$ cat data-v8.cif   # mmCIF, C-alpha atoms and all ligand atoms
data_run
#
loop_
_atom_site.label_atom_id
_atom_site.label_comp_id
_atom_site.auth_asym_id
_atom_site.auth_seq_id
_atom_site.Cartn_x
_atom_site.Cartn_y
_atom_site.Cartn_z
CA MET A 27 -5.33 41.60 8.43
CA LYS A 28 -2.27 40.02 6.91
CA GLU A 29 0.83 42.19 6.96
CA HIS A 30 2.00 43.23 3.49
CA ILE A 31 5.25 41.54 2.49
CA LYS A 32 7.37 43.55 0.08
CA GLY A 33 7.79 41.74 -3.24
CA TYR A 34 5.46 38.88 -2.28
CA ALA A 35 3.20 38.43 -5.29
CA TYR A 36 1.32 35.20 -4.50
CA GLY A 37 -1.99 35.10 -6.34
CA GLU A 38 -1.44 38.41 -8.14
CA ALA A 39 -3.10 38.74 -11.52
CA GLY A 40 0.05 39.90 -13.34
CA LEU A 41 1.98 36.67 -12.71
CA GLU A 42 2.95 34.56 -15.69
CA HIS A 43 1.14 31.24 -16.00
CA SER A 44 3.32 28.31 -14.96
CA PRO A 45 4.65 26.25 -17.88
CA VAL A 46 4.05 23.19 -15.69
CA THR A 47 0.46 21.99 -15.97
CA LYS A 48 -1.73 20.69 -13.16
CA GLN A 49 -1.50 17.29 -14.85
CA ASP A 50 2.33 17.43 -14.80
CA LEU A 51 2.09 18.37 -11.14
CA GLU A 52 -0.09 15.36 -10.34
CA LEU A 53 2.41 13.02 -12.04
CA LEU A 54 5.28 14.61 -10.14
CA LYS A 55 3.42 14.09 -6.88
CA LYS A 56 2.71 10.50 -7.85
CA THR A 57 6.43 10.04 -8.57
CA LEU A 58 7.20 11.37 -5.09
CA LEU A 59 4.80 8.76 -3.61
CA TRP A 60 2.55 11.57 -2.41
CA SER A 61 -0.42 10.35 -0.37
CA ASP A 62 -3.39 11.77 1.51
CA ASP A 63 -1.34 11.30 4.68
CA ASP A 64 1.23 13.71 3.27
CA ASN A 65 -1.47 16.37 2.91
CA ARG A 66 -2.48 15.81 6.53
CA PHE A 67 1.09 15.78 7.85
CA LEU A 68 2.10 18.83 5.84
CA LYS A 69 -0.74 20.79 7.39
CA MET A 70 0.33 19.53 10.82
CA ALA A 71 3.90 20.66 10.05
CA GLY A 72 2.59 24.12 9.11
CA ASP A 73 0.81 24.38 12.46
CA VAL A 74 3.95 23.27 14.29
CA LEU A 75 6.22 25.66 12.38
CA GLN A 76 3.84 28.65 12.39
CA ASP A 77 5.43 30.39 15.39
CA GLN A 78 8.95 29.08 14.76
CA THR A 79 9.68 30.59 11.35
CA ASP A 80 12.05 33.23 12.78
CA ALA A 81 14.10 30.56 14.54
CA VAL A 82 14.18 28.45 11.35
CA LEU A 83 15.35 31.43 9.32
CA ASP A 84 18.01 32.28 11.93
CA LEU A 85 19.42 28.80 11.44
CA TRP A 86 19.25 28.85 7.62
CA TYR A 87 20.72 32.35 7.38
CA ASN A 88 23.48 31.34 9.74
CA TYR A 89 24.26 28.41 7.43
CA VAL A 90 24.24 30.61 4.31
CA GLY A 91 26.15 33.39 6.06
CA SER A 92 28.91 31.07 7.21
CA ASN A 93 29.43 29.72 3.69
CA GLU A 94 31.15 32.27 1.52
CA HIS A 95 30.23 30.42 -1.68
CA LEU A 96 26.51 30.68 -0.75
CA VAL A 97 26.27 34.19 0.67
CA TYR A 98 27.98 35.19 -2.58
CA TYR A 99 24.53 35.01 -4.25
CA PHE A 100 23.26 37.79 -1.99
CA GLY A 101 26.20 40.01 -2.80
CA GLU A 102 27.65 42.51 -5.13
CA ASN A 103 31.37 43.23 -5.52
CA GLY A 104 32.08 40.40 -3.08
CA LYS A 105 30.06 41.99 -0.23
CA PRO A 106 26.69 40.69 1.04
CA ASN A 107 23.85 43.17 0.54
CA GLU A 108 22.09 43.40 3.92
CA HIS A 109 18.97 45.04 2.51
CA TYR A 110 18.62 42.18 0.00
CA LEU A 111 19.17 39.52 2.68
CA SER A 112 16.51 40.95 4.96
CA ALA A 113 13.94 41.53 2.20
CA VAL A 114 14.29 37.91 1.02
CA ARG A 115 14.14 36.62 4.61
CA VAL A 116 10.58 37.91 5.10
CA ARG A 117 9.35 36.15 1.93
CA PHE A 118 11.29 33.00 2.87
CA LYS A 119 9.39 32.88 6.19
CA GLN A 120 6.11 33.17 4.34
CA TRP A 121 7.19 30.38 1.97
CA ILE A 122 7.43 27.94 4.90
CA LEU A 123 3.78 28.56 5.70
CA ASP A 124 2.67 28.56 2.06
CA LEU A 125 4.45 25.25 1.45
CA CYS A 126 2.49 23.65 4.28
CA HIS A 127 -0.88 25.39 4.19
CA ARG A 128 -1.68 26.48 0.63
CA PRO A 129 -3.53 24.20 -1.77
CA TYR A 130 -1.27 23.16 -4.66
CA ASP A 131 -3.52 24.73 -7.28
CA GLN A 132 -2.92 27.01 -10.28
CA ALA A 133 -2.08 30.03 -8.10
CA TRP A 134 0.47 27.94 -6.20
CA LEU A 135 2.00 26.65 -9.46
CA ASP A 136 2.19 30.18 -10.86
CA TYR A 137 4.03 31.45 -7.79
CA GLN A 138 6.49 28.55 -7.99
CA HIS A 139 7.24 29.70 -11.51
CA GLU A 140 7.75 33.25 -10.25
CA ILE A 141 10.17 32.05 -7.53
CA ALA A 142 11.95 29.92 -10.14
CA LYS A 143 12.57 33.03 -12.24
CA ARG A 144 13.71 34.96 -9.19
CA HIS A 145 16.54 32.45 -8.70
CA HIS A 146 17.38 32.52 -12.43
CA SER A 147 18.82 35.34 -14.54
CA THR A 148 15.30 35.95 -15.93
CA LYS A 149 14.32 37.84 -12.81
CA LYS A 150 16.93 37.65 -10.05
CA ASN A 151 17.50 40.97 -8.24
CA GLN A 152 14.50 42.71 -9.81
CA THR A 153 12.07 42.31 -6.94
CA ASP A 154 14.36 44.01 -4.43
CA GLN A 155 16.00 46.31 -6.99
CA VAL A 156 19.53 45.22 -6.18
CA GLN A 157 22.63 44.72 -8.30
CA ALA A 158 23.71 41.37 -6.89
CA VAL A 159 25.14 38.48 -8.93
CA PRO A 160 22.75 37.65 -11.78
CA ILE A 161 21.86 33.99 -11.10
CA VAL A 162 21.79 31.34 -8.38
CA HIS A 163 23.64 28.45 -9.99
CA PHE A 164 21.49 25.44 -10.69
CA ARG A 165 23.68 22.96 -8.79
CA TYR A 166 23.05 24.71 -5.49
CA ILE A 167 19.27 24.75 -5.91
CA VAL A 168 19.33 20.96 -5.98
CA ALA A 169 21.96 20.67 -3.24
CA PHE A 170 19.85 22.86 -0.94
CA ILE A 171 17.15 20.20 -0.73
CA TYR A 172 19.20 18.32 1.88
CA PRO A 173 19.97 21.14 4.37
CA ILE A 174 16.46 22.63 4.05
CA THR A 175 15.08 19.20 4.85
CA VAL A 176 17.37 17.84 7.54
CA THR A 177 17.40 21.02 9.62
CA ILE A 178 13.61 21.10 10.00
CA LYS A 179 13.35 17.95 12.11
CA ASP A 180 14.29 19.53 15.44
CA PHE A 181 11.63 22.19 14.90
CA LEU A 182 9.02 19.52 14.13
CA LYS A 183 9.80 17.83 17.44
CA LYS A 184 9.26 20.96 19.53
CA LYS A 185 5.50 20.70 20.12
CA GLY A 186 5.32 17.30 21.79
CA HIS A 187 4.08 15.19 18.85
CA SER A 188 4.65 11.43 18.79
CA GLN A 189 7.64 10.04 16.94
CA GLU A 190 5.26 8.70 14.29
CA ASP A 191 3.78 12.16 13.70
CA VAL A 192 7.23 13.75 13.58
CA GLU A 193 8.34 11.17 10.97
CA GLY A 194 5.14 11.78 9.00
CA MET A 195 5.65 15.55 9.03
CA TYR A 196 9.31 15.16 8.16
CA ASN A 197 8.60 12.96 5.14
CA ALA A 198 5.85 15.23 3.88
CA TRP A 199 8.18 18.23 4.27
CA PHE A 200 10.95 16.40 2.37
CA LYS A 201 8.56 15.65 -0.50
CA ALA A 202 7.23 19.22 -0.58
CA VAL A 203 10.73 20.76 -0.60
CA THR A 204 11.79 18.36 -3.38
CA LEU A 205 8.69 19.23 -5.38
CA THR A 206 9.18 22.99 -5.14
CA ALA A 207 12.94 22.85 -5.76
CA LEU A 208 12.43 20.81 -8.89
CA LEU A 209 9.73 23.20 -10.15
CA TRP A 210 12.26 26.01 -9.65
CA CYS A 211 14.66 24.17 -11.99
CA HIS A 212 12.39 24.86 -14.96
CA PRO A 213 14.08 28.05 -16.27
CA PHE A 214 17.47 26.32 -16.14
CA VAL A 215 16.45 23.48 -18.45
CA HIS A 216 16.40 23.66 -22.27
CA GLN A 217 12.95 24.10 -23.74
CA GLY A 218 11.15 20.80 -24.09
CA GLU A 219 13.56 18.99 -21.77
CA PHE A 220 12.01 19.70 -18.36
C1 LIG A 301 14.86 33.73 -2.83
C2 LIG A 301 13.87 29.39 -0.94
C3 LIG A 301 17.85 27.73 -3.09
C4 LIG A 301 19.46 32.25 -2.88
C5 LIG A 301 14.20 32.71 -2.21
C6 LIG A 301 12.86 32.77 -1.68
C7 LIG A 301 12.60 31.55 -1.13
C8 LIG A 301 13.75 30.72 -1.32
C9 LIG A 301 11.32 31.10 -0.45
C10 LIG A 301 11.93 33.99 -1.74
C11 LIG A 301 10.91 33.78 -2.83
C12 LIG A 301 10.03 35.01 -3.04
O1 LIG A 301 10.52 36.00 -3.59
O2 LIG A 301 8.84 34.95 -2.66
C13 LIG A 301 14.82 28.52 -1.43
C14 LIG A 301 14.78 27.07 -1.35
C15 LIG A 301 15.85 26.60 -2.05
C16 LIG A 301 16.62 27.76 -2.47
C17 LIG A 301 13.66 26.28 -0.68
C18 LIG A 301 16.26 25.19 -2.40
C19 LIG A 301 15.66 24.09 -1.97
C20 LIG A 301 18.71 28.80 -3.05
C21 LIG A 301 20.15 28.74 -3.16
C22 LIG A 301 20.60 30.01 -3.07
C23 LIG A 301 19.44 30.89 -2.93
C24 LIG A 301 21.00 27.50 -3.35
C25 LIG A 301 22.02 30.47 -3.08
C26 LIG A 301 22.67 30.69 -1.98
C27 LIG A 301 18.35 33.05 -3.02
C28 LIG A 301 18.35 34.43 -3.43
C29 LIG A 301 17.01 34.85 -3.45
C30 LIG A 301 16.23 33.71 -3.02
C31 LIG A 301 19.58 35.27 -3.79
C32 LIG A 301 16.48 36.21 -3.89
C33 LIG A 301 16.14 36.13 -5.38
C34 LIG A 301 15.62 37.45 -5.95
O3 LIG A 301 16.46 38.28 -6.35
O4 LIG A 301 14.40 37.67 -5.99
N1 LIG A 301 14.71 31.44 -1.97
N2 LIG A 301 15.94 28.89 -2.10
N3 LIG A 301 18.32 30.10 -2.91
N4 LIG A 301 17.06 32.64 -2.80
FE1 LIG A 301 16.49 30.78 -2.51
#
$ encode --input "data-v8.cif" --output "structure tokens"
Amino acid sequence: MKEHIKGYAYGEAGLEHSPVTKQDLELLKKTLLWSDDDNRFLKMAGDVLQDQTDAVLDLWYNYVGSNEHLVYYFGENGKPNEHYLSAVRVRFKQWILDLCHRPYDQAWLDYQHEIAKRHHSTKKNQTDQVQAVPIVHFRYIVAFIYPITVTIKDFLKKKGHSQEDVEGMYNAWFKAVTLTALLWCHPFVHQGEF
């Protein structure tokens, strides 16, 4: 049985419906040049990353932790909240697998909307009942696409796949990270302008 992850609400009935429709999602994927190969490579990436999520998170948390302006978002009164950091880390690990293995259906869209709100003042801090800073600034959500993408390549190479497969997985990952990050921008954009 799957271990329960605190605050992880994927597929729960109480989640708000995403304001982004399935039709919007299809057009976004089309814009990202999404193909059937991407579906195949993303699944392959999920299989490759499955037992490496701790190592990936070590690297990402090291990056955040060594940048004062980023770890700031996990803090209160200028000090990082360790309980908050570790609670988010467990859900972040699960996100890697969800990004690669879950179908991008209504439940997936609804959880993207939930994560969007968790980065925004609408819902930040509530899940872990902390008093950290009230919002992750929009500019960093977009800027994060690059480090979250570029750092994954070494992990994709670790299981002996051909260069072609690694490139395929890497591109699919890049598209998937871009897609989710842009869905998380929704609460930051004026109504009707997303
Ligand atoms: C939460 C990924 C940008 C800080 C999360 C979670 C994930 C995630 C998977 C947990 C979601 C859940 O609750 O299930 C990402 C990705 C980003 C991004 C992929 C951009 C591509 C950022 C940036 C910061 C940040 C730039 C600032 C340093 C946080 C914080 C939380 C969080 C503070 C906890 C929010 C809460 O109170 O619930 N992020 N994140 N994230 N992330 Fe991000």
$ residues_near_ligand --input "data-v8.cif" --ligand "ligand LIG 301 (chain A)" --cutoff "6 Å" --atoms "only C-alpha atoms and all ligand atoms" --output "ChimeraX atom specification"
/A:34,96-97,99-100,114,117-118,121,141,144-145,150-153,162,166-167,170-171,207
$ closest_residue --input "data-v8.cif" --among "A:Ala71, A:Ala133, A:Val168, A:Ile174" --to "Val90 in chain A" --atoms "only C-alpha atoms"
A:Ile174
$ atom_distance --input "data-v8.cif" --atom1 "CA of Asp154 in chain A" --atom2 "CA of Gly91 in chain A"
19.0 Å
$ closest_residue --input "data-v8.cif" --among "A:His30, A:His146, A:Lys201, A:Lys183" --to "Cys126 in chain A" --atoms "only C-alpha atoms"
A:Lys201
$ closest_residue --input "data-v8.cif" --among "A:Leu208, A:Ile161, A:Val215, A:Leu125" --to "Met70 in chain A" --atoms "only C-alpha atoms"
A:Leu125
$ closest_residue --input "data-v8.cif" --among "A:His212, A:Gln217, A:Ala198, A:Lys105" --to "Leu58 in chain A" --atoms "all atoms listed in the file"
A:Ala198
$ atom_distance --input "data-v8.cif" --atom1 "CA of Trp199 in chain A" --atom2 "CA of Ile122 in chain A"
9.8 Å
$ atom_distance --input "data-v8.cif" --atom1 "CA of Glu38 in chain A" --atom2 "CA of Pro213 in chain A"
20.4 Å
$ closest_residue --input "data-v8.cif" --among "A:Gly72, A:Pro45, A:Gly40, A:Gly33" --to "Ile178 in chain A" --atoms "all atoms listed in the file"
A:Gly72
$ closest_residue --input "data-v8.cif" --among "A:Leu83, A:Ile31, A:Met195, A:Leu205" --to "Asn65 in chain A" --atoms "all atoms listed in the file"
A:Met195
$ axis_aligned_box --input "data-v8.cif" --around "range 57-70 of chain A" --padding-each-side "3 Å" --output "JSON"
{"center_x": 1.9, "center_y": 14.8, "center_z": 1.1, "size_x": 16.6, "size_y": 18.0, "size_z": 25.4}
$ residues_around --input "data-v8.cif" --residues "Phe214 in chain A" --least-positions-apart "6" --cutoff "9 Å" --atoms "only C-alpha atoms" --output "MDAnalysis selection string"
chainID A and resid 142 146 163:164 220
$ residues_around --input "data-v8.cif" --residues "Leu68 in chain A" --least-positions-apart "6" --cutoff "12 Å" --atoms "all atoms listed in the file" --output "PyMOL selection string"
chain A and resi 60-62+74-76+122-130+182+191-203
$ write_last_selection --input "data-v8.cif" --atoms "C-alpha atoms" --output "short mmCIF file (atom, residue, chain, number, x, y, z; two decimals), in the frame of the given file"
data_model
loop_
_atom_site.label_atom_id
_atom_site.label_comp_id
_atom_site.auth_asym_id
_atom_site.auth_seq_id
_atom_site.Cartn_x
_atom_site.Cartn_y
_atom_site.Cartn_z
CA TRP A 60 2.55 11.57 -2.41
CA SER A 61 -0.42 10.35 -0.37
CA ASP A 62 -3.39 11.77 1.51
CA VAL A 74 3.95 23.27 14.29
CA LEU A 75 6.22 25.66 12.38
CA GLN A 76 3.84 28.65 12.39
CA ILE A 122 7.43 27.94 4.90
CA LEU A 123 3.78 28.56 5.70
CA ASP A 124 2.67 28.56 2.06
CA LEU A 125 4.45 25.25 1.45
CA CYS A 126 2.49 23.65 4.28
CA HIS A 127 -0.88 25.39 4.19
CA ARG A 128 -1.68 26.48 0.63
CA PRO A 129 -3.53 24.20 -1.77
CA TYR A 130 -1.27 23.16 -4.66
CA LEU A 182 9.02 19.52 14.13
CA ASP A 191 3.78 12.16 13.70
CA VAL A 192 7.23 13.75 13.58
CA GLU A 193 8.34 11.17 10.97
CA GLY A 194 5.14 11.78 9.00
CA MET A 195 5.65 15.55 9.03
CA TYR A 196 9.31 15.16 8.16
CA ASN A 197 8.60 12.96 5.14
CA ALA A 198 5.85 15.23 3.88
CA TRP A 199 8.18 18.23 4.27
CA PHE A 200 10.95 16.40 2.37
CA LYS A 201 8.56 15.65 -0.50
CA ALA A 202 7.23 19.22 -0.58
CA VAL A 203 10.73 20.76 -0.60
#
